[in-house]
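The structure appears right after this line, and notes come after that.
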Amino acid sequence: MAKDAEKSTWKDTIWNPSTREFCGRTASSWGLILLFYLVFYIFLAGMFCLTMYVMLQTLDDHKPTWQDRLSTPGMMIRPRGDTMEINTHNTESWDMYIKTLDNFLSSYNNSLQAEKNDKCPPDQYFIQADSGDVKNNPKRSCQFNRSLLQECSGLDDHTYGYQAGKPCIIIKLNRVIGMLPGKDGKAPFVTCGAKKEDSDKIGVVAYYPEKGAFNLMYYPYYGKKAQVNYSQPLVAIKFLNITLNEDINIECRTNYIPPGSERDKFAGKVSFKLRINTKQ
């Protein structure tokens, strides 16, 4: 009898036929609690959608509302690498660098630049302001022709000086939206030199374009969506009589750009090691 009573009590907690309750609640009670949670979650979903809608109204499709990147652009070199070692007698030691430069500069071919971009007046910012709420998009971009790199363009010397032991390195600045580099109307420019321990080994460095400058007409940059065909300006450096068969630590930096942050000691400059072997 005790076992039957315990069994009956356990079953009643699931379904009680006398009170018509399921798990301790009647059908109307279950209906009310389900209705409450349904309304509650619909309200939460509505609040979430409303919040997202209001936030999206503050965003611009062509320019980030907030920029937390460093104001000073980083520098990059092509070919990439912290260490570059070539042997003038071994084409395999520099062939990969030639291919890298060919691929990188292909978008700067004069014919392609003439097709996509405009000839701009040099030595002045190319400002393309919006007219109130009317966006001036897409914005135009200035031509940067490969031929401006002269001896480092790969047009006359397809080995970029590597075969002769006078290699070219291409330098570019990372893009920063709205940045207006320069000082007193002078364009930012690149200077390269050997580190203290190698100061007498670097020899003469040639810069292309003239003075290693990033012309002001390529600034400001308006963003990838607003300025679809933007071509970053480049500076090429060529080592004309660097000391051979020795490791040389080189540092290049950009002048006349916004000052760097103490958090990033490498903003606006790049370092690499170069060695040119002439022994077979």
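Here's how to read the names in the structure tokens: chain A, B, ... by the order shown, residue numbers from 1 in each chain, ligand numbers from 1 in the order shown.
For A:Leu216, the non-local neighbours within 9 Å, defined as residues at least 4 positions apart in the same chain or in other chains and counting only C-alpha atoms, are A:Pro122, A:Asp123, A:Gln124, A:Tyr125, A:Phe126, A:Leu180, A:Pro181, A:Gly182, A:Gly185, A:Lys186, A:Ala187, A:Pro188, A:Pro220.
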>> DSSP on the backbone: which residues in stretch 78-212 of chain A end up as helix (DSSP H, G or I)? Give the answer as a PyMOL selection string.
In response: chain A and resi 91-93+95-108+110-116+146-152+196-198+210-212
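Among the candidates A:Leu44, A:Met179, A:Leu101, A:Met55, the one nearest to A:Gly161 when counting only C-alpha atoms is A:Leu101.
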> In stretch 186-225 of chain A, what's strand (DSSP E or B) per DSSP? Answer as a PyMOL selection string?
Replying inline: chain A and resi 186+189-194+205-208+213+221
> Which residues, written as a ChimeraX atom specification, have at least one atom at most 6 Å from A:Lys238, with only C-alpha atoms counted and residues fewer than 6 positions away on the same chain left out?
Replying inline: /A:167-168,205-206
Give me, as CSV, the closest atom pair and its distance (Å, one decimal) for every residue of stretch 134-179 of chain A within a cut-off of 9 Å of stretch 80-99 of chain A, counting only C-alpha atoms, rows sorted by chain and rising number.
residue,atom,partner,partner_atom,distance
A:Gly154,CA,A:Ile98,CA,8.8
A:His158,CA,A:Ile98,CA,7.7
A:Thr159,CA,A:Ile98,CA,6.0
A:Tyr160,CA,A:Ile98,CA,7.1
A:Tyr162,CA,A:Trp94,CA,6.7
A:Gln163,CA,A:Thr88,CA,5.2
A:Ala164,CA,A:Thr88,CA,6.4
A:Gly165,CA,A:Thr88,CA,5.9
> Any idea what's packed within 12 Å of A:Asp200, counting only C-alpha atoms, ignoring anything in its chain fewer than 3 positions away? Could you give it as a ChimeraX atom specification?
Replying inline: /A:193-197,203-204,241-243,246,248-250
Output the selection as a short mmCIF file (atom, residue, chain, number, x, y, z; two decimals), in the first residue's frame - N, CA and C atoms for each residue.
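Saved as again22.cif:
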data_model
loop_
_atom_site.label_atom_id
_atom_site.label_comp_id
_atom_site.auth_asym_id
_atom_site.auth_seq_id
_atom_site.Cartn_x
_atom_site.Cartn_y
_atom_site.Cartn_z
N GLY A 193 69.81 55.54 -43.71
CA GLY A 193 71.21 55.53 -43.30
C GLY A 193 71.52 54.27 -42.54
N ALA A 194 72.79 53.99 -42.42
CA ALA A 194 73.22 52.82 -41.65
C ALA A 194 73.18 53.15 -40.17
N LYS A 195 72.96 52.14 -39.38
CA LYS A 195 73.00 52.33 -37.95
C LYS A 195 74.44 52.60 -37.52
N LYS A 196 74.58 53.10 -36.31
CA LYS A 196 75.84 53.65 -35.84
C LYS A 196 77.03 52.75 -36.12
N GLU A 197 76.87 51.45 -35.87
CA GLU A 197 78.00 50.54 -36.02
C GLU A 197 78.40 50.32 -37.48
N GLY A 203 77.63 53.82 -47.99
CA GLY A 203 77.94 54.48 -49.26
C GLY A 203 76.88 55.48 -49.66
N VAL A 204 76.76 55.69 -50.98
CA VAL A 204 75.81 56.68 -51.52
C VAL A 204 74.45 56.02 -51.76
N ASN A 241 76.98 52.16 -53.89
CA ASN A 241 78.32 51.61 -53.62
C ASN A 241 78.44 51.13 -52.18
N ILE A 242 77.47 50.33 -51.78
CA ILE A 242 77.46 49.80 -50.43
C ILE A 242 78.62 48.82 -50.24
N THR A 243 79.11 48.71 -49.04
CA THR A 243 80.21 47.78 -48.74
C THR A 243 79.76 46.36 -49.00
N GLU A 246 79.48 42.10 -46.42
CA GLU A 246 79.31 42.39 -45.00
C GLU A 246 77.85 42.66 -44.70
N ILE A 248 74.99 44.80 -43.17
CA ILE A 248 74.84 46.23 -42.89
C ILE A 248 73.41 46.47 -42.40
N ASN A 249 73.30 47.06 -41.23
CA ASN A 249 72.00 47.38 -40.63
C ASN A 249 71.56 48.77 -41.07
N ILE A 250 70.40 48.82 -41.71
CA ILE A 250 69.92 50.06 -42.32
C ILE A 250 68.60 50.46 -41.69
#
>> I need the residue nearest A:Ile237 from this list: A:Ile202, A:Ile170, A:Leu274, A:Ile257. Use only C-alpha atoms for the distance.
In response: A:Ile170
> Of the candidates A:Gln67, A:Asn136, A:Asn255, A:Ser231, which one gets nearest to A:Ile177 if we count only C-alpha atoms?
Replying inline: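 Looking at the shortest contact to A:Ile177, the residue is A:Gln67.
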